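Okay, my_file-v6.txt is below, compact mmCIF, C-alpha atoms:
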```
# COMPACT_ATOMS: atom_id res chain seq x y z
CA MET A 1 -21.93 7.56 0.03
CA LYS A 2 -19.12 10.06 -0.48
CA ILE A 3 -15.85 8.72 -1.85
CA ILE A 4 -12.55 10.49 -2.41
CA ILE A 5 -10.32 8.83 -4.99
CA VAL A 6 -6.69 9.89 -5.43
CA GLY A 7 -4.93 8.87 -8.61
CA GLY A 8 -5.28 8.84 -12.36
CA GLY A 9 -5.23 6.78 -15.51
CA LYS A 10 -7.80 4.47 -17.03
CA PRO A 11 -8.50 2.36 -13.93
CA LEU A 12 -9.44 5.52 -12.01
CA PHE A 13 -11.63 6.74 -14.84
CA PHE A 14 -13.67 3.55 -15.08
CA LEU A 15 -13.82 3.16 -11.32
CA CYS A 16 -15.24 6.67 -11.00
CA ARG A 17 -17.72 6.11 -13.81
CA ASN A 18 -18.86 2.96 -12.06
CA PHE A 19 -19.26 4.74 -8.71
CA THR A 20 -21.05 7.79 -10.08
CA ALA A 21 -23.44 5.52 -12.00
CA LYS A 22 -24.35 3.95 -8.65
CA GLY A 23 -25.18 7.39 -7.34
CA TYR A 24 -22.13 7.82 -5.12
CA ARG A 25 -20.64 11.27 -4.70
CA VAL A 26 -17.12 11.05 -6.06
CA ILE A 27 -14.30 13.55 -5.55
CA ILE A 28 -11.15 12.94 -7.57
CA ILE A 29 -7.75 14.31 -6.58
CA ASN A 30 -5.16 14.29 -9.36
CA ARG A 31 -1.83 16.07 -9.73
CA ASP A 32 -1.91 16.56 -13.47
CA LYS A 33 -3.74 19.67 -14.66
CA GLY A 34 -4.46 18.36 -18.15
CA GLU A 35 -5.83 15.09 -16.87
CA CYS A 36 -7.99 16.98 -14.35
CA VAL A 37 -9.58 18.96 -17.17
CA LEU A 38 -10.30 15.79 -19.15
CA LEU A 39 -11.71 13.95 -16.12
CA SER A 40 -14.00 16.80 -15.17
CA ARG A 41 -15.37 16.91 -18.72
CA GLN A 42 -16.00 13.18 -18.91
CA LEU A 43 -17.27 12.41 -15.42
CA SER A 44 -19.96 13.79 -13.20
CA ALA A 45 -17.46 13.95 -10.35
CA THR A 46 -15.78 16.84 -8.58
CA VAL A 47 -12.16 17.03 -9.69
CA LEU A 48 -9.50 18.68 -7.55
CA CYS A 49 -6.01 19.35 -8.88
CA GLY A 50 -3.26 18.81 -6.32
CA ASP A 51 -1.21 16.46 -4.17
CA GLY A 52 -3.54 14.05 -2.37
CA SER A 53 -1.01 13.52 0.41
CA ASP A 54 -1.20 17.22 1.28
CA PRO A 55 -3.56 17.57 4.26
CA GLU A 56 -4.80 20.92 2.91
CA ILE A 57 -5.94 19.32 -0.37
CA LEU A 58 -7.65 16.47 1.46
CA LYS A 59 -9.45 19.03 3.59
CA GLN A 60 -10.59 20.92 0.50
CA ALA A 61 -11.87 17.65 -0.95
CA GLY A 62 -14.07 17.33 2.11
CA ALA A 63 -12.22 14.45 3.75
CA MET A 64 -13.84 15.36 7.06
CA GLY A 65 -17.22 14.04 5.95
CA ALA A 66 -16.12 11.35 3.49
CA ASP A 67 -17.20 7.72 3.88
CA ALA A 68 -14.18 6.32 2.09
CA VAL A 69 -10.82 7.33 0.66
CA LEU A 70 -9.24 5.25 -2.09
CA ALA A 71 -5.56 5.87 -2.91
CA VAL A 72 -4.64 4.38 -6.29
CA THR A 73 -1.61 6.43 -7.40
CA PRO A 74 1.36 4.61 -8.97
CA ASN A 75 3.47 5.42 -5.87
CA ASP A 76 3.04 3.16 -2.86
CA GLN A 77 4.51 5.71 -0.48
CA ASP A 78 1.91 8.29 -1.53
CA ASN A 79 -0.93 5.78 -1.19
CA LEU A 80 0.20 4.91 2.33
CA VAL A 81 0.48 8.51 3.49
CA ILE A 82 -2.85 9.51 1.89
CA CYS A 83 -4.65 6.72 3.74
CA GLN A 84 -2.94 7.43 7.05
CA LEU A 85 -3.79 11.13 6.82
CA ALA A 86 -7.38 10.32 5.90
CA ALA A 87 -7.82 7.92 8.80
CA LEU A 88 -5.83 9.72 11.50
CA LYS A 89 -6.34 13.38 10.70
CA PHE A 90 -9.81 13.36 9.17
CA GLY A 91 -11.36 10.27 10.75
CA VAL A 92 -12.42 8.73 7.44
CA PRO A 93 -13.93 5.33 8.35
CA LYS A 94 -12.58 3.45 5.30
CA ALA A 95 -9.21 4.26 3.75
CA ILE A 96 -7.92 1.78 1.20
CA ALA A 97 -4.51 1.84 -0.50
CA LEU A 98 -3.36 0.24 -3.71
CA ALA A 99 -0.08 -1.62 -3.19
CA ASN A 100 1.71 -1.49 -6.55
CA ASP A 101 4.46 -3.68 -5.12
CA PRO A 102 2.57 -6.81 -3.96
CA ASP A 103 4.97 -7.14 -0.99
CA ASN A 104 3.65 -3.83 0.29
CA ALA A 105 0.07 -5.10 0.67
CA GLU A 106 1.12 -7.06 3.75
CA ILE A 107 3.33 -4.22 5.01
CA PHE A 108 0.50 -1.69 4.74
CA GLU A 109 -1.80 -3.99 6.72
CA LYS A 110 0.90 -4.19 9.41
CA LEU A 111 1.00 -0.40 9.47
CA GLY A 112 -2.77 -0.33 9.95
CA VAL A 113 -3.87 0.56 6.43
CA SER A 114 -6.22 -1.64 4.36
CA ALA A 115 -4.48 -2.53 1.11
CA PHE A 116 -4.99 -4.53 -2.04
CA SER A 117 -2.64 -5.58 -4.78
CA THR A 118 -3.95 -5.79 -8.32
CA THR A 119 -0.97 -7.99 -9.17
CA GLN A 120 -2.13 -10.55 -6.62
CA ILE A 121 -5.80 -10.39 -7.60
CA VAL A 122 -5.25 -10.51 -11.36
CA GLY A 123 -2.47 -13.07 -10.95
CA SER A 124 -4.64 -15.51 -9.03
CA LEU A 125 -7.51 -15.00 -11.47
CA ILE A 126 -5.31 -15.78 -14.43
CA GLU A 127 -3.82 -18.80 -12.73
CA GLN A 128 -7.23 -20.16 -11.87
CA ARG A 129 -8.70 -19.55 -15.31
CA ALA A 130 -5.72 -20.91 -17.12
CA SER A 131 -5.56 -24.06 -15.04
CA MET A 132 -9.26 -24.89 -15.13
CA ALA A 133 -11.80 -23.90 -17.73
CA GLN A 134 -14.77 -24.67 -15.46
CA ILE A 135 -13.91 -21.90 -13.01
CA LEU A 136 -15.91 -18.84 -13.92
CA ASN A 137 -15.01 -16.55 -11.07
CA LEU A 138 -12.65 -16.46 -8.17
CA LEU A 139 -12.99 -13.89 -5.46
CA PRO A 140 -10.63 -13.73 -2.52
CA VAL A 141 -12.33 -12.22 0.53
CA GLY A 142 -11.08 -11.47 4.05
CA GLU A 143 -7.62 -10.38 2.79
CA GLY A 144 -7.35 -13.57 0.75
CA ARG A 145 -8.05 -15.89 3.69
CA VAL A 146 -11.30 -17.09 2.10
CA ASN A 147 -11.94 -18.02 -1.53
CA VAL A 148 -15.33 -17.71 -3.15
CA THR A 149 -15.30 -19.64 -6.43
CA GLU A 150 -17.92 -20.10 -9.09
CA ILE A 151 -17.65 -23.40 -10.94
CA ALA A 152 -19.59 -24.83 -13.89
CA LEU A 153 -20.15 -28.57 -13.51
CA GLU A 154 -19.37 -30.48 -16.69
CA ALA A 155 -20.92 -33.76 -17.76
CA GLY A 156 -17.85 -35.71 -16.70
CA SER A 157 -17.83 -34.34 -13.16
CA PRO A 158 -17.60 -37.10 -10.53
CA VAL A 159 -20.30 -35.42 -8.44
CA ALA A 160 -22.91 -34.95 -11.19
CA GLY A 161 -26.07 -36.82 -10.21
CA LYS A 162 -25.00 -37.18 -6.57
CA GLN A 163 -26.84 -35.84 -3.56
CA LEU A 164 -24.96 -33.26 -1.53
CA LYS A 165 -24.90 -35.44 1.58
CA ASP A 166 -23.06 -38.15 -0.37
CA ILE A 167 -20.31 -35.84 -1.58
CA ASP A 168 -17.18 -36.10 0.48
CA LEU A 169 -15.88 -32.53 0.60
CA PRO A 170 -12.78 -31.75 2.65
CA GLU A 171 -13.10 -29.74 5.86
CA ASN A 172 -13.60 -26.00 5.63
CA ALA A 173 -15.34 -26.20 2.26
CA LEU A 174 -18.97 -25.43 1.57
CA ILE A 175 -21.23 -25.53 -1.46
CA ALA A 176 -23.11 -22.32 -0.70
CA VAL A 177 -25.28 -21.85 -3.77
CA VAL A 178 -26.34 -23.97 -6.75
CA ILE A 179 -27.52 -22.11 -9.85
CA ARG A 180 -29.62 -24.24 -12.19
CA ASP A 181 -31.32 -22.73 -15.26
CA ASN A 182 -30.41 -19.29 -13.95
CA ARG A 183 -32.25 -19.97 -10.69
CA PRO A 184 -30.03 -19.82 -7.61
CA MET A 185 -30.81 -21.85 -4.50
CA VAL A 186 -29.08 -22.60 -1.25
CA PRO A 187 -28.84 -26.40 -1.29
CA ARG A 188 -29.38 -28.89 1.54
CA GLY A 189 -28.09 -32.41 1.94
CA GLY A 190 -31.00 -33.87 -0.01
CA ASN A 191 -30.42 -31.73 -3.09
CA ASP A 192 -28.49 -33.21 -5.97
CA LEU A 193 -25.95 -31.71 -8.34
CA GLN A 194 -26.31 -32.03 -12.09
CA ALA A 195 -24.09 -31.40 -15.08
CA GLY A 196 -24.61 -27.82 -16.24
CA ASP A 197 -25.15 -26.53 -12.68
CA ARG A 198 -23.12 -23.57 -11.57
CA ILE A 199 -21.87 -23.85 -8.02
CA VAL A 200 -20.66 -21.18 -5.65
CA LEU A 201 -18.01 -22.80 -3.51
CA ILE A 202 -16.55 -21.28 -0.36
CA THR A 203 -13.16 -22.61 0.72
CA LEU A 204 -10.12 -21.73 2.76
CA PRO A 205 -7.04 -21.49 0.54
CA GLU A 206 -5.48 -24.66 1.99
CA ASN A 207 -8.52 -26.73 1.03
CA HIS A 208 -9.24 -24.96 -2.22
CA GLY A 209 -7.38 -27.43 -4.42
CA PRO A 210 -8.74 -30.62 -2.77
CA ALA A 211 -12.33 -29.27 -2.84
CA LEU A 212 -12.05 -28.43 -6.52
CA LYS A 213 -10.71 -31.88 -7.19
CA VAL A 214 -13.73 -33.50 -5.56
CA LEU A 215 -16.10 -31.41 -7.71
CA THR A 216 -14.33 -31.55 -11.06
CA GLY A 217 -12.12 -34.59 -10.82
CA GLU A 218 -9.12 -32.58 -11.97
CA GLU A 219 -5.97 -31.88 -10.03
CA LYS A 220 -5.53 -28.16 -9.34
CA MET B 1 35.46 4.64 17.86
CA LYS B 2 33.28 4.47 20.93
CA ASN B 3 29.83 2.90 20.47
CA SER B 4 30.05 1.94 16.82
CA LYS B 5 26.53 1.62 15.41
CA TYR B 6 24.98 0.06 12.33
CA ILE B 7 23.28 2.95 10.56
CA VAL B 8 21.20 2.90 7.38
CA VAL B 9 20.89 6.21 5.53
CA VAL B 10 18.14 6.39 2.89
CA GLY B 11 18.77 9.02 0.22
CA CYS B 12 22.19 10.22 -0.82
CA GLY B 13 21.49 13.85 -1.63
CA ARG B 14 23.22 16.78 0.04
CA LEU B 15 21.96 15.87 3.51
CA GLY B 16 22.21 12.11 3.11
CA SER B 17 25.77 12.13 1.82
CA LEU B 18 26.87 14.63 4.49
CA LEU B 19 25.43 12.44 7.25
CA ALA B 20 26.79 9.23 5.75
CA ASN B 21 30.31 10.67 5.41
CA ARG B 22 30.31 12.04 8.96
CA LEU B 23 28.85 8.92 10.55
CA SER B 24 31.26 6.70 8.64
CA ARG B 25 34.24 8.85 9.63
CA ASP B 26 33.12 8.62 13.27
CA GLY B 27 33.57 4.86 13.07
CA ASN B 28 30.02 3.65 12.48
CA SER B 29 29.02 0.97 9.96
CA VAL B 30 26.99 2.87 7.40
CA VAL B 31 24.82 1.66 4.52
CA VAL B 32 23.54 4.25 2.03
CA ILE B 33 20.55 3.56 -0.23
CA ASP B 34 19.69 5.68 -3.28
CA PRO B 35 17.84 4.80 -6.49
CA VAL B 36 20.18 6.92 -8.65
CA GLU B 37 23.60 5.34 -9.00
CA THR B 38 25.47 8.56 -9.79
CA THR B 39 24.37 10.28 -6.58
CA LEU B 40 26.18 7.59 -4.64
CA ASP B 41 29.36 9.06 -6.15
CA ASP B 42 28.82 12.12 -3.96
CA LEU B 43 30.12 10.14 -1.01
CA SER B 44 33.62 11.16 0.03
CA PRO B 45 36.55 8.92 -0.99
CA ASP B 46 37.15 7.88 2.61
CA PHE B 47 33.54 6.68 3.06
CA SER B 48 34.03 3.11 4.19
CA GLY B 49 30.43 1.88 4.29
CA PHE B 50 28.22 0.06 1.79
CA ARG B 51 26.29 1.59 -1.09
CA ILE B 52 23.01 0.09 -2.30
CA ASN B 53 21.56 1.24 -5.59
CA GLY B 54 17.78 0.77 -5.25
CA ASP B 55 14.37 2.09 -4.27
CA ALA B 56 13.92 1.99 -0.49
CA THR B 57 10.14 1.66 -0.79
CA HIS B 58 10.73 -1.89 -2.07
CA MET B 59 10.98 -4.47 0.67
CA ALA B 60 13.67 -6.38 -1.20
CA VAL B 61 15.99 -3.37 -1.07
CA LEU B 62 15.48 -2.87 2.67
CA LYS B 63 16.14 -6.56 3.25
CA ALA B 64 19.35 -6.29 1.21
CA ALA B 65 20.42 -3.46 3.53
CA LYS B 66 20.03 -5.91 6.45
CA LEU B 67 17.68 -3.45 8.08
CA LYS B 68 16.71 -5.84 10.84
CA ASN B 69 20.25 -5.59 12.24
CA ALA B 70 20.32 -1.80 12.11
CA ASP B 71 20.56 0.37 15.25
CA VAL B 72 19.50 3.54 13.47
CA LEU B 73 17.70 4.43 10.24
CA ILE B 74 17.74 7.96 8.84
CA ALA B 75 15.39 8.75 5.94
CA THR B 76 16.62 11.82 4.09
CA THR B 77 15.20 11.61 0.56
CA SER B 78 13.66 14.69 -1.02
CA GLU B 79 10.19 13.09 -0.92
CA ASP B 80 8.31 13.33 2.37
CA ASN B 81 6.16 10.33 1.66
CA VAL B 82 9.12 8.08 0.89
CA ASN B 83 10.75 9.11 4.16
CA LEU B 84 7.58 8.55 6.13
CA MET B 85 6.93 5.15 4.60
CA VAL B 86 10.51 3.92 5.02
CA ALA B 87 10.60 5.18 8.61
CA GLN B 88 7.39 3.36 9.50
CA VAL B 89 8.46 0.14 7.82
CA ALA B 90 11.81 0.31 9.62
CA GLN B 91 10.15 0.86 12.98
CA LYS B 92 7.13 -1.43 12.77
CA VAL B 93 8.34 -4.24 10.51
CA PHE B 94 12.11 -4.40 10.98
CA ARG B 95 11.99 -3.18 14.61
CA VAL B 96 14.83 -0.71 14.17
CA PRO B 97 15.23 0.87 17.62
CA HIS B 98 15.93 4.40 16.46
CA VAL B 99 14.26 5.86 13.39
CA LEU B 100 14.45 9.45 12.10
CA ALA B 101 12.72 10.94 9.07
CA ARG B 102 13.13 14.27 7.35
CA VAL B 103 9.76 15.81 6.55
CA PHE B 104 9.51 19.16 4.77
CA ASP B 105 5.78 19.72 5.22
CA PRO B 106 5.04 20.79 8.82
CA SER B 107 1.39 19.79 8.49
CA ARG B 108 2.41 16.21 7.77
CA GLU B 109 4.91 16.16 10.64
CA GLU B 110 2.22 16.36 13.28
CA ILE B 111 0.40 13.20 12.21
CA TYR B 112 3.62 11.17 12.32
CA ALA B 113 4.42 12.42 15.79
CA GLN B 114 1.12 10.70 16.68
CA LEU B 115 2.36 7.48 15.10
CA GLY B 116 5.56 7.63 17.14
CA ILE B 117 7.92 8.42 14.27
CA ASP B 118 10.66 10.93 15.11
CA THR B 119 10.68 13.56 12.41
CA ILE B 120 12.92 16.51 11.69
CA CYS B 121 11.29 19.30 9.73
CA PRO B 122 13.83 21.63 8.06
CA THR B 123 11.04 24.08 7.28
CA SER B 124 10.00 24.51 10.92
CA LEU B 125 13.64 24.57 12.06
CA ALA B 126 14.64 27.26 9.57
CA ALA B 127 11.50 29.25 10.35
CA GLY B 128 12.29 29.09 14.06
CA ILE B 129 15.86 30.30 13.53
CA PHE B 130 14.73 33.10 11.23
CA LEU B 131 12.08 34.24 13.69
CA GLU B 132 14.57 34.18 16.53
CA ALA B 133 17.02 36.19 14.45
CA VAL B 134 14.34 38.74 13.62
CA ALA B 135 13.41 39.03 17.29
CA ASN B 136 17.10 39.63 18.13
CA GLY B 137 17.35 42.47 15.66
CA GLY B 138 18.59 40.55 12.64
CA THR B 139 21.55 38.69 14.15
CA ARG B 140 21.83 35.17 15.44
CA GLN B 141 23.13 34.94 18.95
CA ASN B 142 25.63 32.17 18.44
CA GLY B 143 26.65 33.46 14.98
CA GLU B 144 27.97 30.06 13.74
CA LEU B 145 26.43 27.16 11.89
CA PRO B 146 25.11 24.35 14.03
```
Write-out of the structure in structure tokens:
Amino acid sequence: MKIIIVGGGKPLFFLCRNFTAKGYRVIIINRDKGECVLLSRQLSATVLCGDGSDPEILKQAGAMGADAVLAVTPNDQDNLVICQLAALKFGVPKAIALANDPDNAEIFEKLGVSAFSTTQIVGSLIEQRASMAQILNLLPVGEGRVNVTEIALEAGSPVAGKQLKDIDLPENALIAVVIRDNRPMVPRGGNDLQAGDRIVLITLPENHGPALKVLTGEEK
Amino acid sequence: MKNSKYIVVVGCGRLGSLLANRLSRDGNSVVVIDPVETTLDDLSPDFSGFRINGDATHMAVLKAAKLKNADVLIATTSEDNVNLMVAQVAQKVFRVPHVLARVFDPSREEIYAQLGIDTICPTSLAAGIFLEAVANGGTRQNGELP
């Protein structure tokens, strides 16, 4: 897997460290000479100093054979152009842009570029964690059209001790996995839920609140 | 005052302010957007359009400029990527019928021609005029500014 990442700062550093640890080939493009020197000392990645939205620099970075390009600069316009160049000029199969302005995530998708907004992701995580202590993880997938949530069942849960087939979940909600004593299993109707279980719940956003209510008894 | 149009000009530098002044004088409704308030002062005193102080890469600013009613958008900021982004948003999201972007880098121009964005590249234009002048023995044939 060969990934080109354009940008800088701490998020880029840790992202790259994560990727190189997995054995991916990472090429970083950064405008700042000083930061380039630091990055190349600290990471086992190739570091290229220049403007990532310059086709010549992308070519030097080997965009032609890259599996993915990730544009995470603080400027949305640069991220958009980098991804469009990568996809259209170099045929990179996956080009993903950071939308600093959350409104731009939707706009970029309309313009044919995959985008994510850290504001949206972190915001929904904080909201979920703040509103309900039992929620351990929330992962929006499919551009936020599907929620994957991990929930810890407490002793007071209305579904503790019930069999799955007797639990009245709303439509478009599924208990996909039950983790008990660190052992995950995909449950069937005859399996029961117990306090202390961790559940992986798949919902559509419109049924997320009602499904949570059934499992925890709390209003979202 | 024939065919008055609603025109949004993004960027109020030398080119942007020149265009805005001319288009406004010709009887068009003009809105100028620039993130630096003082550059909006470069507009001539008889400029009769609207000025918006803001960053055109933010949707809220483009909405404030009533972009969906615009007949023409001209992106003239000094940053290629800003111009290219604003031009695409204007064309694909706000459905502005006529969109023009200034792009300095000729190698970027070509990809946006593919996307259907009309671009004007001062670098290529100037190069063409210079080359023509050189071919003609150092003088331009029509000796006056366009």
Quick one: everything within 10 Å of Gly112 of chain A, counting only C-alpha atoms, minus sequence neighbours fewer than 6 positions away in the same chain. Send it as a list of chain:residue names. A:Leu80, A:Cys83, A:Gln84, A:Ala87, A:Glu106
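Residue neighbourhood of segment 175-187 of chain A, excluding near-sequence residues (fewer than 6 positions): A:Asn147, A:Val148, A:Thr149, A:Glu150, A:Ile151, A:Ala152, A:Leu153, A:Gln163, A:Leu164, A:Lys165, A:Ile167, A:Asp168, A:Leu169, A:Leu193, A:Gln194, A:Ala195, A:Gly196, A:Asp197, A:Arg198, A:Ile199, A:Val200, A:Leu201, A:Ile202, A:Thr203, A:Ala211, A:Leu212, A:Val214, A:Leu215, at 12 Å, using only C-alpha atoms.
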Can you list, as a ChimeraX atom specification, every protein, DNA or RNA residue that comes within 12 Å of Asp32 of chain A when you count all atoms listed in the file, leaving out same-chain residues fewer than 3 positions away? /A:6-9,28-29,35-39,47-52,73
Considering all atoms listed in the file, state which residue in the set B:Gly27, B:Pro106, B:Pro97, B:Gly11 is at the smallest distance from chain A. B:Pro106
Grab the atom CA of Asn3 of chain B to atom CA of Gln88 of chain B distance for me, in Å with one decimal place. 25.0 Å
List every residue of chain A that has an atom at most 12 Å from any atom of chain B, and for each one report the closest atom pair and its distance in Å to one decimal, counting only C-alpha atoms, with rows sorted by chain and then by increasing residue number, as JSON lines.
```
{"residue": "A:Asp51", "atom": "CA", "partner": "B:Asn81", "partner_atom": "CA", "distance": 11.2}
{"residue": "A:Gly52", "atom": "CA", "partner": "B:Asn81", "partner_atom": "CA", "distance": 11.1}
{"residue": "A:Ser53", "atom": "CA", "partner": "B:Asn81", "partner_atom": "CA", "distance": 7.9}
{"residue": "A:Asp54", "atom": "CA", "partner": "B:Arg108", "partner_atom": "CA", "distance": 7.5}
{"residue": "A:Pro55", "atom": "CA", "partner": "B:Ser107", "partner_atom": "CA", "distance": 6.9}
{"residue": "A:Glu56", "atom": "CA", "partner": "B:Ser107", "partner_atom": "CA", "distance": 8.4}
{"residue": "A:Ile57", "atom": "CA", "partner": "B:Ser107", "partner_atom": "CA", "distance": 11.5}
{"residue": "A:Leu58", "atom": "CA", "partner": "B:Arg108", "partner_atom": "CA", "distance": 11.9}
{"residue": "A:Lys59", "atom": "CA", "partner": "B:Ser107", "partner_atom": "CA", "distance": 11.9}
{"residue": "A:Asn75", "atom": "CA", "partner": "B:Thr57", "partner_atom": "CA", "distance": 9.2}
{"residue": "A:Asp76", "atom": "CA", "partner": "B:Thr57", "partner_atom": "CA", "distance": 7.5}
{"residue": "A:Gln77", "atom": "CA", "partner": "B:Asn81", "partner_atom": "CA", "distance": 5.4}
{"residue": "A:Asp78", "atom": "CA", "partner": "B:Asn81", "partner_atom": "CA", "distance": 5.7}
{"residue": "A:Asn79", "atom": "CA", "partner": "B:Asn81", "partner_atom": "CA", "distance": 8.9}
{"residue": "A:Leu80", "atom": "CA", "partner": "B:Met85", "partner_atom": "CA", "distance": 7.1}
{"residue": "A:Val81", "atom": "CA", "partner": "B:Asn81", "partner_atom": "CA", "distance": 6.2}
{"residue": "A:Ile82", "atom": "CA", "partner": "B:Asn81", "partner_atom": "CA", "distance": 9.1}
{"residue": "A:Cys83", "atom": "CA", "partner": "B:Asn81", "partner_atom": "CA", "distance": 11.6}
{"residue": "A:Gln84", "atom": "CA", "partner": "B:Ile111", "partner_atom": "CA", "distance": 8.4}
{"residue": "A:Leu85", "atom": "CA", "partner": "B:Ile111", "partner_atom": "CA", "distance": 7.1}
{"residue": "A:Ala86", "atom": "CA", "partner": "B:Ile111", "partner_atom": "CA", "distance": 10.4}
{"residue": "A:Ala87", "atom": "CA", "partner": "B:Ile111", "partner_atom": "CA", "distance": 10.3}
{"residue": "A:Leu88", "atom": "CA", "partner": "B:Ile111", "partner_atom": "CA", "distance": 7.2}
{"residue": "A:Lys89", "atom": "CA", "partner": "B:Ile111", "partner_atom": "CA", "distance": 6.9}
{"residue": "A:Phe90", "atom": "CA", "partner": "B:Ile111", "partner_atom": "CA", "distance": 10.7}
{"residue": "A:Ala99", "atom": "CA", "partner": "B:His58", "partner_atom": "CA", "distance": 10.9}
{"residue": "A:Asn100", "atom": "CA", "partner": "B:His58", "partner_atom": "CA", "distance": 10.1}
{"residue": "A:Asp101", "atom": "CA", "partner": "B:His58", "partner_atom": "CA", "distance": 7.2}
{"residue": "A:Pro102", "atom": "CA", "partner": "B:His58", "partner_atom": "CA", "distance": 9.7}
{"residue": "A:Asp103", "atom": "CA", "partner": "B:Met59", "partner_atom": "CA", "distance": 6.8}
{"residue": "A:Asn104", "atom": "CA", "partner": "B:Met59", "partner_atom": "CA", "distance": 7.4}
{"residue": "A:Ala105", "atom": "CA", "partner": "B:Met59", "partner_atom": "CA", "distance": 10.9}
{"residue": "A:Glu106", "atom": "CA", "partner": "B:Val93", "partner_atom": "CA", "distance": 10.3}
{"residue": "A:Ile107", "atom": "CA", "partner": "B:Val89", "partner_atom": "CA", "distance": 7.3}
{"residue": "A:Phe108", "atom": "CA", "partner": "B:Val89", "partner_atom": "CA", "distance": 8.7}
{"residue": "A:Glu109", "atom": "CA", "partner": "B:Val93", "partner_atom": "CA", "distance": 10.8}
{"residue": "A:Lys110", "atom": "CA", "partner": "B:Val93", "partner_atom": "CA", "distance": 7.5}
{"residue": "A:Leu111", "atom": "CA", "partner": "B:Lys92", "partner_atom": "CA", "distance": 7.0}
{"residue": "A:Gly112", "atom": "CA", "partner": "B:Lys92", "partner_atom": "CA", "distance": 10.4}
{"residue": "A:Val113", "atom": "CA", "partner": "B:Met85", "partner_atom": "CA", "distance": 11.9}
```
For a quick check of your reading of the model, name the residues lying within 8 Å of the coordinate (24.8, 1.8, 14.6), counting only C-alpha atoms, and write them as a list in words. Asn3, Ser4, Lys5, Tyr6, Ile7, Asn28, Ser29, Val30, Ala70, Asp71 and Val72 of chain B
Could you please determine the separation between atom CA of Val141 of chain A and atom CA of Gly23 of chain A in Å, to one decimal place?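 So the two atoms, atom CA of Val141 of chain A and atom CA of Gly23 of chain A, lie 24.7 Å apart.
Of note, atom CA of Ser24 of chain B and atom CA of Gly116 of chain B are spaced 27.1 Å apart.
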